[in-house]
Protein chains: 2
Amino acid sequence: MPAITATLTVDLAALCANYRLLKQRHAAGKVAAVVKANAYGLGMVPVATALAEREGCTVFFVATLSEAVTLREALPAAIIHVFAGPLKGEEADYAVHRLRPVLNSMEHLERWRAFRQHTGEVSPLPAALHVDTGMCRLGLSMEDLPRLDPESLVRECGLTLLMSHLACASEPAHPLNAEQLRLFTEARRSFPALPASLANSSGHFLSHDFHFDLGRPGCALYGITPNPDLPNPMQHVATWSAPILQIRTIERDQPIGYGATRTVTRDMKVATVASGYADGLHRTASNVLAAWIEDHRCPMLGRVSMDLTCYDVTAVPDSVLEGADRVTLMGPQQPVDTLADAYGTIGYEVLCHLGGRVTPVYR
Amino acid sequence: MPAITATLTVDLAALCANYRLLKQRHAAGKVAAVVKANAYGLGMVPVATALAEREGCTVFFVATLSEAVTLREALPAAIIHVFAGPLKGEEADYAVHRLRPVLNSMEHLERWRAFRQHTGEVSPLPAALHVDTGMCRLGLSMEDLPRLDPESLVRECGLTLLMSHLACASEPAHPLNAEQLRLFTEARRSFPALPASLANSSGHFLSHDFHFDLGRPGCALYGITPNPDLPNPMQHVATWSAPILQIRTIERDQPIGYGATRTVTRDMKVATVASGYADGLHRTASNVLAAWIEDHRCPMLGRVSMDLTCYDVTAVPDSVLEGADRVTLMGPQQPVDTLADAYGTIGYEVLCHLGGRVTPVYR
């Protein structure tokens, strides 16, 4: 018998529905999938395979070479871009696995050009060019553009995509959006023949001007809201549940958990559950979040431990409690964005921190 | 060539030195190792193997059955306890893999006893008994003890250890410590023949009364301070470094990162580094922590992204910067407890959240 563990149930139909919604929103109707960081913790290979096979998604983005090599094994025909670009000495791996680097700097361009010339262009070795329009993180500076000869660059570096990255797309009124659009439009003038990509998930919910030729959503595929100030249009994708290890009756005036931060003020039934911060339930959510048994909300008691958390199940009817062997920690009743609020972060980080002991289940 | 990645360099000699220090501190000189949650993110199998082979550690504790099965493959002769205890239906796996469950409830005791009787005790099937003395998390209640027949329980459940867990050992003056000691001493009277274990890492730095027969440290093995109010007596064990992807010169008045939370107020050299919150660098540390290049502190700029963070490297001499291809994010200059302060949590959580893209390296 396999061990009984916490699970992350990934609803691949909901994932695909989210992909279709983003495609509908996108002005050109062409949408890639960002599956870096193990598809934000949901499992890169099953997620990308579902999008490829069921929705015909052909273009993917990952963060690192290692991720790309893993994805290539699963999807031999996909177009796979790597945001980090080639570190010194990694160029040959890009060629062997037919990966497209995102070229982020003059040094990247020169190194990739030299590598292509060296290989004699026996393989096509395409690449994307990243221009920074307001993040100061990765990408060519706008000031570098006038120094380039775009036509020879496109040819010699095998450029097939021009891209940039929005810093504030989840806040539609932020003035940086218009400024980034202006700069990207300017950059595009140097590369009129290249398809262009600017919109992350939130960008699909800005005006069509931001959409260009290819959408590049990540978070919204996984059910995270693209705009925290509006109702979430995305379907719920990932449900985290965990086994109940023990239910006990606590007499009043007893402390619960590390640091004795919480004292029970009345007799209480307490469920101890097999998920803690090593499983991704941030310790900053201590005494804040809840677990759910069917539609019954069970408030957290005391600090999140490494492997365990405790919940007040007093209000759950005995008939329900007797049949319950698990609780839901993230689900439609308490979605990823609610966990994010309790952690003081964004949904992306919640999903990424789900730990190795939480077994993924796909349906 | 393997891809160039962020790495977690684990100093196994320092780990072993920490184990020896804890053994010296322990009144009985007998110390197990807690290696749950993948040895707090450092790698369960290499860590446990080093402690077994170099230091003669024979007793280990993990949280779940899955972890125990993995550890059993690596250490065929070790004594392996599982804190969660057997979930319904898991008993046979404990027998097959010769694992010792920690029995946490009357229900565990009854189920384990029935299972032992059912198997006819062809194998010894030992177990530990956990009595709760002040956590209300797992463990038998003190009120359950008078209802037991300890002698037959020890025999019929194969009990070989009595244990409890301290809630506030990192705060030596906390009154709950004395109360837990009193209750554990009381529980022990029912099981005078059983070896007893109470002290976690911090417990080794309380008086000898807390030590009993077996220490059960986790965090201090990995370099985390056992008492945040005193100088850390443990050696530094885990060093996190990450590749520099790009160094660029930013002109003043440009925003950096998501949300444009930080604007550069002077011309600056900025390094973009391949580690973000998906790698375990909490987003709550945005604009707070630093990266280190040799002995040069490089302050973080802007928000932590999923895969990237940016640092101000203006003050690093050119001669150093030219040779630098990596930065240190956690090391002797910025130890795990400093990261914990910046996240608003404890060192345990910092280590547990180190992500799957951070490649472990053992030396």
# chains A, B, ... in the order shown; residues from 1 in each chain; ligands from 1
$ closest_atom_pairs --of "chain A" --to "chain B" --cutoff "7 Å" --atoms "only C-alpha atoms" --output "CSV"
residue,atom,partner,partner_atom,distance
A:Ala3,CA,B:Ser66,CA,5.9
A:Ala37,CA,B:Ala278,CA,6.2
A:Ala63,CA,B:Asp307,CA,6.8
A:Leu65,CA,B:Ala3,CA,6.1
A:Ser66,CA,B:Ala3,CA,5.9
A:Ala84,CA,B:Leu245,CA,6.9
A:Glu90,CA,B:Ala3,CA,6.7
A:Gly134,CA,B:Pro255,CA,6.4
A:Met135,CA,B:Gly257,CA,4.6
A:Cys136,CA,B:Ile256,CA,5.1
A:Arg137,CA,B:Thr272,CA,5.9
A:Leu138,CA,B:Thr272,CA,6.8
A:Ala167,CA,B:Tyr258,CA,4.5
A:Cys168,CA,B:Gly259,CA,5.0
A:Leu245,CA,B:Ala84,CA,6.9
A:Gln246,CA,B:Leu138,CA,6.9
A:Pro255,CA,B:Gly134,CA,6.4
A:Ile256,CA,B:Met135,CA,4.9
A:Gly257,CA,B:Met135,CA,4.6
A:Tyr258,CA,B:Ala167,CA,4.5
A:Gly259,CA,B:Cys168,CA,5.0
A:Ala260,CA,B:Ala167,CA,6.7
A:Thr272,CA,B:Arg137,CA,5.9
A:Tyr277,CA,B:Glu349,CA,6.4
A:Ala278,CA,B:Cys352,CA,5.2
A:Arg283,CA,B:Thr345,CA,6.7
A:Thr284,CA,B:Thr345,CA,7.0
A:Asp307,CA,B:Ala63,CA,6.8
A:Cys310,CA,B:Arg137,CA,6.5
A:Thr345,CA,B:Arg283,CA,6.7
A:Glu349,CA,B:Tyr277,CA,6.3
A:Cys352,CA,B:Ala278,CA,5.2
A:His353,CA,B:His353,CA,6.4
$ residues_around --residues "Val34 in chain A" --least-positions-apart "5" --cutoff "7 Å" --atoms "only C-alpha atoms" --output "VMD selection string"
chain A and resid 60 to 62 216 to 218
$ closest_residue --among "B:Val45, B:Met234, B:Glu55, B:Thr119" --to "Pro76 in chain B" --atoms "only C-alpha atoms"
B:Val45
$ select_by_dssp --residues "range 6-134 of chain B" --states "strand (DSSP E)" --output "ChimeraX atom specification"
/B:7-10,33-34,59-62,79-82,100-103,127-130
$ write_last_selection --atoms "C-alpha atoms" --output "PDB file, in the first residue's frame"
ATOM      1  CA  THR B   7      23.643  25.309  -5.339  1.00  0.00           C
ATOM      2  CA  LEU B   8      23.319  24.412  -1.664  1.00  0.00           C
ATOM      3  CA  THR B   9      26.744  23.350  -0.426  1.00  0.00           C
ATOM      4  CA  VAL B  10      26.367  21.181   2.661  1.00  0.00           C
ATOM      5  CA  ALA B  33      19.171  12.683  14.635  1.00  0.00           C
ATOM      6  CA  VAL B  34      15.935  14.211  13.387  1.00  0.00           C
ATOM      7  CA  VAL B  59      18.790   6.260  15.827  1.00  0.00           C
ATOM      8  CA  PHE B  60      16.815   8.515  13.475  1.00  0.00           C
ATOM      9  CA  PHE B  61      13.453  10.263  13.498  1.00  0.00           C
ATOM     10  CA  VAL B  62      11.406  11.215  10.433  1.00  0.00           C
ATOM     11  CA  ILE B  79      16.616   2.431  14.048  1.00  0.00           C
ATOM     12  CA  ILE B  80      14.050   4.645  12.316  1.00  0.00           C
ATOM     13  CA  HIS B  81      11.136   6.236  14.181  1.00  0.00           C
ATOM     14  CA  VAL B  82       8.170   7.867  12.430  1.00  0.00           C
ATOM     15  CA  ARG B 100       9.193   2.080  14.585  1.00  0.00           C
ATOM     16  CA  PRO B 101       5.959   4.055  14.763  1.00  0.00           C
ATOM     17  CA  VAL B 102       5.533   6.753  17.367  1.00  0.00           C
ATOM     18  CA  LEU B 103       2.164   5.833  18.895  1.00  0.00           C
ATOM     19  CA  ALA B 127       7.330   1.208  18.847  1.00  0.00           C
ATOM     20  CA  ALA B 128       7.666   4.461  20.790  1.00  0.00           C
ATOM     21  CA  LEU B 129       4.966   5.985  22.990  1.00  0.00           C
ATOM     22  CA  HIS B 130       4.401   9.734  22.761  1.00  0.00           C
TER      23      HIS B 130
END
$ select_by_dssp --residues "range 104-295 of chain A" --states "alpha helix (DSSP H)" --output "ChimeraX atom specification"
/A:106-119,150-157,175-190
